[in-house]
$ cat my_file_23.cif   # mmCIF, C-alpha atoms and all ligand atoms
data_protein
#
loop_
_atom_site.label_atom_id
_atom_site.label_comp_id
_atom_site.auth_asym_id
_atom_site.auth_seq_id
_atom_site.Cartn_x
_atom_site.Cartn_y
_atom_site.Cartn_z
CA MET A 253 192.58 72.77 25.07
CA LYS A 254 196.25 73.00 24.09
CA ASP A 255 197.11 74.43 20.69
CA THR A 256 198.68 71.56 18.76
CA SER A 257 198.96 73.25 15.35
CA PRO A 258 202.51 73.32 13.93
CA LYS A 259 204.28 76.59 14.62
CA ASP A 260 206.45 78.52 12.22
CA VAL A 261 209.85 78.91 13.88
CA VAL A 262 211.40 82.25 12.86
CA ILE A 263 214.39 82.16 15.23
CA GLU A 264 216.16 78.92 16.05
CA VAL A 265 219.12 78.94 18.42
CA ARG A 266 220.96 75.70 19.11
CA GLY A 267 223.88 74.84 21.34
CA LEU A 268 224.85 78.49 21.82
CA ARG A 269 227.99 79.22 23.76
CA ASN A 270 229.15 82.73 24.59
CA GLN A 271 232.13 83.50 26.75
CA PHE A 272 234.32 86.45 27.59
CA GLY A 273 237.73 85.16 28.60
CA SER A 274 237.07 82.48 31.18
CA HIS A 275 233.59 83.83 31.94
CA VAL A 276 231.06 81.53 30.27
CA VAL A 277 227.77 83.37 29.81
CA HIS A 278 225.86 80.81 27.70
CA GLU A 279 226.46 77.10 27.44
CA ASP A 280 224.44 74.81 25.21
CA LEU A 281 221.58 77.31 25.01
CA ASP A 282 218.58 76.40 22.82
CA LEU A 283 215.63 78.62 21.95
CA ASP A 284 212.83 78.67 19.39
CA VAL A 285 210.80 81.79 18.67
CA TYR A 286 207.52 81.45 16.75
CA ARG A 287 206.12 83.74 14.09
CA GLY A 288 203.81 86.43 15.40
CA GLU A 289 204.44 85.87 19.07
CA ILE A 290 205.70 88.28 21.69
CA ILE A 291 208.33 86.44 23.66
CA GLY A 292 209.70 87.97 26.84
CA VAL A 293 213.23 86.99 27.84
CA VAL A 294 213.82 87.33 31.57
CA GLY A 295 216.53 86.36 33.99
CA GLY A 296 218.69 87.75 36.77
CA SER A 297 221.11 90.57 36.09
CA GLY A 298 224.10 89.38 34.09
CA THR A 299 222.52 86.12 32.92
CA GLY A 300 223.16 87.14 29.33
CA LYS A 301 219.85 88.43 28.00
CA SER A 302 221.44 91.28 26.05
CA VAL A 303 224.29 89.06 24.88
CA LEU A 304 221.70 86.61 23.54
CA LEU A 305 219.90 89.39 21.67
CA ARG A 306 223.18 90.71 20.28
CA SER A 307 224.20 87.21 19.17
CA ILE A 308 220.95 86.68 17.30
CA VAL A 309 221.27 89.96 15.40
CA GLY A 310 224.90 89.31 14.50
CA LEU A 311 226.52 91.86 16.82
CA GLN A 312 228.18 89.33 19.10
CA GLU A 313 230.11 86.38 17.72
CA PRO A 314 229.42 83.27 19.81
CA ALA A 315 232.10 80.70 20.61
CA ALA A 316 229.86 77.86 19.39
CA GLY A 317 226.36 76.98 18.29
CA SER A 318 224.01 77.85 15.45
CA ILE A 319 221.53 80.67 14.94
CA ASN A 320 218.98 80.61 12.16
CA VAL A 321 216.68 83.59 11.56
CA LEU A 322 213.94 83.45 8.91
CA GLY A 323 215.82 80.65 7.15
CA THR A 324 219.19 82.44 7.15
CA ASP A 325 222.16 80.97 8.98
CA VAL A 326 223.38 84.03 10.87
CA LEU A 327 226.78 82.65 11.84
CA ALA A 328 227.83 81.16 8.49
CA ASP A 329 228.60 84.65 7.17
CA VAL A 330 227.55 87.35 9.59
CA HIS A 331 227.98 90.22 7.12
CA ALA A 332 225.97 88.51 4.40
CA ALA A 333 223.31 87.50 6.93
CA ARG A 334 223.01 91.03 8.25
CA GLU A 335 222.70 92.37 4.74
CA THR A 336 219.82 89.95 4.12
CA LEU A 337 218.21 90.34 7.49
CA ASP A 338 218.63 94.07 8.17
CA GLU A 339 215.47 94.60 6.10
CA LYS A 340 213.58 91.88 7.94
CA TRP A 341 214.38 92.74 11.51
CA GLY A 342 214.42 95.93 13.50
CA VAL A 343 216.33 96.46 16.72
CA MET A 344 215.63 98.92 19.50
CA PHE A 345 218.30 99.27 22.13
CA GLN A 346 217.65 100.50 25.65
CA ASP A 347 218.04 104.26 25.15
CA GLY A 348 216.55 104.25 21.66
CA ALA A 349 220.12 104.72 20.34
CA LEU A 350 219.12 107.69 18.18
CA PHE A 351 221.62 109.90 16.39
CA SER A 352 221.60 113.11 18.40
CA SER A 353 222.52 115.31 15.43
CA LEU A 354 219.57 114.10 13.34
CA THR A 355 215.89 114.94 13.76
CA VAL A 356 213.46 112.16 14.61
CA ARG A 357 212.36 111.98 10.98
CA GLU A 358 215.95 111.78 9.76
CA ASN A 359 216.65 109.06 12.33
CA VAL A 360 213.72 107.02 11.06
CA GLU A 361 214.94 107.53 7.50
CA VAL A 362 218.43 106.13 8.24
CA PRO A 363 217.57 102.42 7.62
CA MET A 364 215.65 103.43 4.46
CA ARG A 365 218.79 104.86 2.91
CA SER A 366 219.95 101.32 2.11
CA VAL A 367 216.90 100.79 -0.09
CA PRO A 368 217.63 101.69 -3.71
CA ASP A 369 215.15 103.79 -5.70
CA LEU A 370 213.47 105.30 -2.68
CA SER A 371 213.18 109.00 -3.44
CA PRO A 372 213.71 111.53 -0.62
CA SER A 373 210.03 112.51 -0.67
CA ILE A 374 208.83 108.89 -0.38
CA ARG A 375 211.35 108.30 2.38
CA ARG A 376 210.05 111.33 4.20
CA ASN A 377 206.42 110.24 3.85
CA LEU A 378 207.23 106.72 5.02
CA ALA A 379 209.12 108.10 8.00
CA ASP A 380 206.13 110.28 8.91
CA LEU A 381 203.90 107.23 8.69
CA LYS A 382 206.12 105.30 11.12
CA ILE A 383 206.23 108.30 13.44
CA SER A 384 202.44 108.41 13.58
CA MET A 385 202.20 104.62 13.96
CA VAL A 386 204.09 104.80 17.25
CA GLY A 387 201.79 107.49 18.57
CA LEU A 388 204.11 110.47 18.25
CA PRO A 389 202.62 113.79 17.23
CA TYR A 390 203.38 114.86 13.66
CA LEU A 391 205.57 117.74 14.82
CA ALA A 392 207.88 115.34 16.66
CA GLY A 393 209.45 114.48 13.31
CA ASP A 394 211.22 117.85 13.25
CA LYS A 395 212.56 117.60 16.77
CA TYR A 396 215.98 116.45 17.89
CA PRO A 397 216.23 113.58 20.40
CA SER A 398 217.37 115.97 23.14
CA GLU A 399 214.07 117.85 22.79
CA LEU A 400 211.98 114.76 23.54
CA SER A 401 210.93 113.08 26.78
CA GLY A 402 212.31 109.63 27.55
CA GLY A 403 209.06 107.99 26.50
CA MET A 404 209.00 109.90 23.23
CA ARG A 405 212.60 108.91 22.53
CA LYS A 406 211.62 105.28 23.03
CA ARG A 407 208.79 105.69 20.57
CA ALA A 408 211.15 107.34 18.10
CA GLY A 409 213.53 104.39 18.51
CA LEU A 410 210.63 102.02 17.91
CA ALA A 411 209.62 103.99 14.80
CA ARG A 412 213.14 103.60 13.46
CA SER A 413 213.12 99.85 14.17
CA LEU A 414 209.89 99.63 12.13
CA ALA A 415 211.31 101.69 9.24
CA LEU A 416 211.63 98.80 6.81
CA ASP A 417 208.44 96.93 7.81
CA PRO A 418 210.37 94.16 9.58
CA GLU A 419 209.02 90.70 10.37
CA ILE A 420 210.78 90.65 13.73
CA VAL A 421 211.63 93.40 16.19
CA PHE A 422 214.11 93.03 19.02
CA LEU A 423 213.50 95.30 21.99
CA ASP A 424 216.06 95.55 24.79
CA GLU A 425 214.29 96.65 27.98
CA PRO A 426 211.83 98.92 26.18
CA THR A 427 210.16 100.22 29.32
CA ALA A 428 213.32 100.79 31.39
CA GLY A 429 213.38 104.34 32.70
CA LEU A 430 209.72 105.08 31.92
CA ASP A 431 207.23 106.03 34.59
CA PRO A 432 204.47 103.43 35.15
CA VAL A 433 201.93 105.29 32.98
CA GLY A 434 204.41 105.70 30.13
CA ALA A 435 205.53 102.07 30.47
CA ALA A 436 201.93 100.81 30.35
CA ALA A 437 201.23 102.92 27.25
CA PHE A 438 204.35 101.54 25.61
CA ASP A 439 203.29 97.97 26.45
CA THR A 440 199.93 98.57 24.80
CA LEU A 441 201.63 100.05 21.76
CA ILE A 442 203.89 97.00 21.36
CA LYS A 443 200.97 94.62 21.67
CA ASN A 444 198.80 96.55 19.21
CA LEU A 445 201.62 96.79 16.65
CA SER A 446 202.42 93.11 16.97
CA ARG A 447 198.80 92.08 16.52
CA SER A 448 198.03 94.48 13.67
CA MET A 449 201.23 93.83 11.71
CA GLY A 450 201.77 90.16 12.59
CA LEU A 451 205.11 91.21 14.05
CA THR A 452 207.23 88.79 16.02
CA VAL A 453 208.61 90.56 19.07
CA PHE A 454 211.70 89.43 20.97
CA LEU A 455 211.67 91.42 24.13
CA VAL A 456 214.29 91.51 26.89
CA THR A 457 212.77 92.87 30.05
CA HIS A 458 212.91 93.12 33.82
CA ASP A 459 209.45 94.61 33.86
CA LEU A 460 206.90 92.23 35.36
CA ASP A 461 204.03 94.40 34.19
CA THR A 462 205.25 94.07 30.60
CA LEU A 463 205.39 90.29 30.93
CA TYR A 464 201.88 90.16 32.27
CA ALA A 465 200.43 92.69 29.86
CA VAL A 466 201.92 91.70 26.52
CA CYS A 467 203.95 88.49 26.38
CA ASP A 468 202.53 85.34 24.81
CA ARG A 469 205.46 83.31 26.03
CA ILE A 470 208.30 83.76 28.45
CA ALA A 471 211.84 82.37 28.30
CA VAL A 472 213.82 82.27 31.53
CA LEU A 473 217.60 82.53 31.34
CA ALA A 474 219.38 80.90 34.25
CA GLU A 475 222.34 78.60 34.69
CA ARG A 476 223.76 79.77 31.32
CA LYS A 477 220.84 78.53 29.27
CA VAL A 478 217.14 78.95 28.60
CA LEU A 479 215.95 76.98 31.56
CA VAL A 480 212.24 77.07 30.85
CA THR A 481 209.88 78.53 28.26
CA GLY A 482 206.12 78.76 28.43
CA SER A 483 203.11 80.81 29.28
CA LEU A 484 202.72 82.81 32.42
CA GLU A 485 200.73 79.93 33.89
CA ASP A 486 203.67 77.60 33.15
CA MET A 487 206.00 80.05 34.91
CA LEU A 488 203.81 80.08 37.97
CA LYS A 489 204.09 76.28 38.14
CA ALA A 490 207.84 76.09 37.44
CA ASP A 491 209.84 75.13 40.50
CA HIS A 492 213.31 76.47 39.73
CA PRO A 493 214.32 78.71 42.70
CA TRP A 494 214.87 81.90 40.64
CA THR A 495 211.62 81.36 38.71
CA ARG A 496 209.70 80.78 41.92
CA GLU A 497 211.12 83.83 43.57
CA TYR A 498 210.54 86.02 40.51
CA PHE A 499 207.02 84.90 39.64
CA HIS A 500 205.74 84.49 43.19
CA GLY A 501 207.36 87.52 44.80
CA PRO A 502 205.31 90.48 46.04
CA ARG A 503 205.97 92.55 42.88
CA ALA A 504 204.81 89.68 40.69
CA ARG A 505 201.62 89.34 42.68
CA ALA A 506 200.95 93.07 42.31
CA ALA A 507 201.46 92.89 38.54
CA PHE A 508 199.30 89.78 38.29
CA GLU A 509 196.43 91.45 40.07
CA ALA A 510 196.61 94.59 37.89
CA PRO A 511 194.28 94.85 34.88
CA THR A 512 196.01 93.69 31.67
CA GLN A 513 194.63 96.43 29.41
CA GLN A 514 196.75 99.34 30.52
CA GLY A 515 197.56 102.74 29.18
CA ASP A 516 196.66 104.39 25.91
CA ALA A 517 198.78 103.61 22.89
CA GLY A 518 197.76 106.85 21.27
CA GLY A 519 199.40 109.28 23.64
CA ALA A 520 203.13 109.81 23.70
CA THR A 521 204.65 110.13 27.14
N1 LIG B 601 231.68 92.89 25.58
C1 LIG B 601 231.77 92.24 26.74
N2 LIG B 601 232.97 91.95 27.30
C2 LIG B 601 233.06 91.29 28.45
N3 LIG B 601 232.01 90.84 29.16
C3 LIG B 601 230.80 91.11 28.67
C4 LIG B 601 230.60 91.81 27.43
N4 LIG B 601 229.28 91.91 27.19
C5 LIG B 601 228.67 91.30 28.22
N5 LIG B 601 229.57 90.83 29.10
C6 LIG B 601 229.26 90.09 30.33
O1 LIG B 601 228.33 89.08 30.00
C7 LIG B 601 227.40 88.91 31.06
C8 LIG B 601 225.99 89.01 30.51
O2 LIG B 601 225.76 90.37 30.11
P1 LIG B 601 224.34 90.87 29.62
O3 LIG B 601 224.49 92.33 29.40
O4 LIG B 601 223.88 90.05 28.49
O5 LIG B 601 223.46 90.56 30.88
P2 LIG B 601 221.92 90.85 31.09
O6 LIG B 601 221.26 89.57 31.45
O7 LIG B 601 221.37 91.56 29.90
O8 LIG B 601 222.02 91.80 32.36
P3 LIG B 601 221.09 93.00 32.86
O9 LIG B 601 219.76 92.40 33.19
O10 LIG B 601 221.79 93.48 34.08
O11 LIG B 601 221.02 94.03 31.76
C9 LIG B 601 227.74 89.95 32.11
O12 LIG B 601 228.49 89.34 33.12
C10 LIG B 601 228.56 90.96 31.36
O13 LIG B 601 229.48 91.58 32.20
#

$ encode --input "my_file_23.cif" --output "structure tokens"
Amino acid sequence: MKDTSPKDVVIEVRGLRNQFGSHVVHEDLDLDVYRGEIIGVVGGSGTGKSVLLRSIVGLQEPAAGSINVLGTDVLADVHAARETLDEKWGVMFQDGALFSSLTVRENVEVPMRSVPDLSPSIRRNLADLKISMVGLPYLAGDKYPSELSGGMRKRAGLARSLALDPEIVFLDEPTAGLDPVGAAAFDTLIKNLSRSMGLTVFLVTHDLDTLYAVCDRIAVLAERKVLVTGSLEDMLKADHPWTREYFHGPRARAAFEAPTQQGDAGGAT
């Protein structure tokens, strides 16, 4: 039976247009993201997945359209919106984007510095909590990013994105560059965190396994807009050529046949 209960829209994008010179990346793009869901944004290379993410978090000024996040109009005053929303969203870019001269703990503390009245010892304890939440060993807090494996750096980046207990996290290709075991463990971690914290996750990915293992809904970017959204089953029925090729190709079949409970969220890789 279809779920007909009203859904709480936490991100609403309408009529979005992004262009660089004469190159139009998005045209009349609409998207709704619902509270608590993990939405996977997929599409061919260069279809504008990262530009969409950057637009939503106020790092890319669109040519037209509206973006509303948790009731705040992001484009009306980007600086004011980011000030309001920086505590409510966390962003993890592809390489974790950690400061190389800071330890993992100090990196996780960076967003907390904007919170008044948070003493250094509380900040430190909170950072250690986030570090353990993402499955990193306690001692990782004292290490510098260069001393960590790729998977551990991703976890550290995730810990930093969770620093302020956000309602939404944006993850840009979180499993890119990880080996299959590490990627599966990271998928499990994302799913567990989303379910236990009620987190909404906006996830840009090329990774079919991630889509199969964790996403509640998928949005396909093609032809400059979100062409189709829906469950995996909906994707398998969609008849757009790119969607058909992507979801019915040999790699998709392999991912579909794999067990969905993969990896171990506890172990850092
Ligand atoms: N700052 C910029 N200046 C000029 N063009 C840009 C800029 N940022 C993105 N683009 C262009 O916008 C298009 C979409 O880029 P984007 O990085 O969002 O694609 P993507 O779907 O995330 O691709 P991929 O899957 O390969 O990471 C590309 O053609 C890219 O070259």

$ residues_near_ligand --input "my_file_23.cif" --ligand "ligand LIG 601 (chain B)" --cutoff "7 Å" --atoms "all atoms listed in the file" --output "JSON, numbers by chain"
{"A": [272, 277, 295, 296, 297, 298, 299, 300, 301, 302, 303, 304, 458]}

$ residues_around --input "my_file_23.cif" --residues "Thr324 (chain A)" --least-positions-apart "6" --cutoff "9 Å" --atoms "all atoms listed in the file" --output "list in words"
Ala333, Thr336 and Leu337 of chain A

$ atom_distance --input "my_file_23.cif" --atom1 "CA of Pro314 (chain A)" --atom2 "CA of Arg269 (chain A)"
5.8 Å

$ closest_residue --input "my_file_23.cif" --among "A:Thr457, A:Thr462, A:Ser371, A:Ser307" --to "Lys443 (chain A)" --atoms "all atoms listed in the file"
A:Thr462

$ closest_residue --input "my_file_23.cif" --among "A:Asp461, A:Val261, A:Ala471, A:Ala411" --to "Val433 (chain A)" --atoms "all atoms listed in the file"
A:Asp461

$ atom_distance --input "my_file_23.cif" --atom1 "CA of Gly482 (chain A)" --atom2 "CA of Gly267 (chain A)"
19.5 Å

$ axis_aligned_box --input "my_file_23.cif" --around "region 444-456 of chain A" --padding-each-side "5 Å" --output "JSON"
{"center_x": 206.2, "center_y": 92.8, "center_z": 19.3, "size_x": 26.3, "size_y": 18.0, "size_z": 25.2}

$ atom_distance --input "my_file_23.cif" --atom1 "CA of Lys395 (chain A)" --atom2 "CA of Thr355 (chain A)"
5.2 Å

$ residues_around --input "my_file_23.cif" --residues "Lys406 (chain A)" --least-positions-apart "2" --cutoff "9 Å" --atoms "all atoms listed in the file" --output "VMD selection string"
chain A and resid 344 346 to 349 401 to 404 408 to 411 426 to 427 438

$ residues_around --input "my_file_23.cif" --residues "region 493-501 of chain A" --least-positions-apart "5" --cutoff "9 Å" --atoms "all atoms listed in the file" --output "ChimeraX atom specification"
/A:295-296,460,472,474,480,484,487-488,506

$ decode --input "my_file_23.cif" --residues "region 270-336 of chain A" --atoms "C-alpha atoms" --output "compact mmCIF listing (two decimals), in the first residue's frame"
# COMPACT_ATOMS: atom_id res chain seq x y z
CA ASN A 270 22.33 27.65 -13.19
CA GLN A 271 24.60 28.64 -16.02
CA PHE A 272 28.26 29.36 -16.58
CA GLY A 273 28.57 31.74 -19.50
CA SER A 274 26.48 30.23 -22.26
CA HIS A 275 26.59 26.77 -20.67
CA VAL A 276 23.21 26.14 -19.05
CA VAL A 277 23.56 23.43 -16.40
CA HIS A 278 20.08 23.58 -14.82
CA GLU A 279 16.89 24.89 -16.34
CA ASP A 280 13.59 24.98 -14.51
CA LEU A 281 14.74 22.35 -12.02
CA ASP A 282 12.33 21.38 -9.22
CA LEU A 283 13.06 19.11 -6.26
CA ASP A 284 11.50 18.34 -2.88
CA VAL A 285 13.42 16.56 -0.14
CA TYR A 286 11.47 15.10 2.80
CA ARG A 287 12.44 15.09 6.46
CA GLY A 288 14.31 12.00 7.58
CA GLU A 289 14.85 10.49 4.16
CA ILE A 290 18.07 9.56 2.43
CA ILE A 291 17.82 10.87 -1.09
CA GLY A 292 20.41 9.86 -3.66
CA VAL A 293 21.05 12.29 -6.51
CA VAL A 294 22.40 10.56 -9.60
CA GLY A 295 23.06 11.51 -13.18
CA GLY A 296 25.72 11.39 -15.86
CA SER A 297 29.00 13.18 -15.39
CA GLY A 298 28.59 16.94 -15.69
CA THR A 299 24.80 16.95 -15.28
CA GLY A 300 25.16 19.33 -12.36
CA LYS A 301 24.81 17.21 -9.23
CA SER A 302 27.53 19.07 -7.34
CA VAL A 303 26.32 22.43 -8.64
CA LEU A 304 22.86 21.58 -7.31
CA LEU A 305 24.29 20.70 -3.89
CA ARG A 306 26.38 23.87 -3.85
CA SER A 307 23.35 25.97 -4.82
CA ILE A 308 21.26 24.54 -2.00
CA VAL A 309 23.92 25.29 0.62
CA GLY A 310 24.46 28.82 -0.66
CA LEU A 311 27.88 28.32 -2.26
CA GLN A 312 26.70 28.80 -5.83
CA GLU A 313 24.45 31.67 -6.81
CA PRO A 314 21.86 30.50 -9.34
CA ALA A 315 20.70 32.66 -12.25
CA ALA A 316 17.04 32.09 -11.32
CA GLY A 317 14.71 30.08 -9.12
CA SER A 318 14.00 29.68 -5.43
CA ILE A 319 15.52 27.46 -2.75
CA ASN A 320 13.91 27.03 0.64
CA VAL A 321 15.63 25.00 3.36
CA LEU A 322 13.90 24.35 6.70
CA GLY A 323 11.67 27.38 6.11
CA THR A 324 14.53 29.74 5.20
CA ASP A 325 14.70 31.34 1.77
CA VAL A 326 18.33 30.66 0.89
CA LEU A 327 18.55 33.07 -2.03
CA ALA A 328 16.84 36.10 -0.48
CA ASP A 329 19.98 36.83 1.55
CA VAL A 330 22.57 34.11 1.20
CA HIS A 331 24.77 35.34 4.05
CA ALA A 332 21.89 35.61 6.49
CA ALA A 333 20.56 32.23 5.38
CA ARG A 334 23.93 30.58 5.85
CA GLU A 335 24.24 32.10 9.28
CA THR A 336 20.87 30.60 10.21
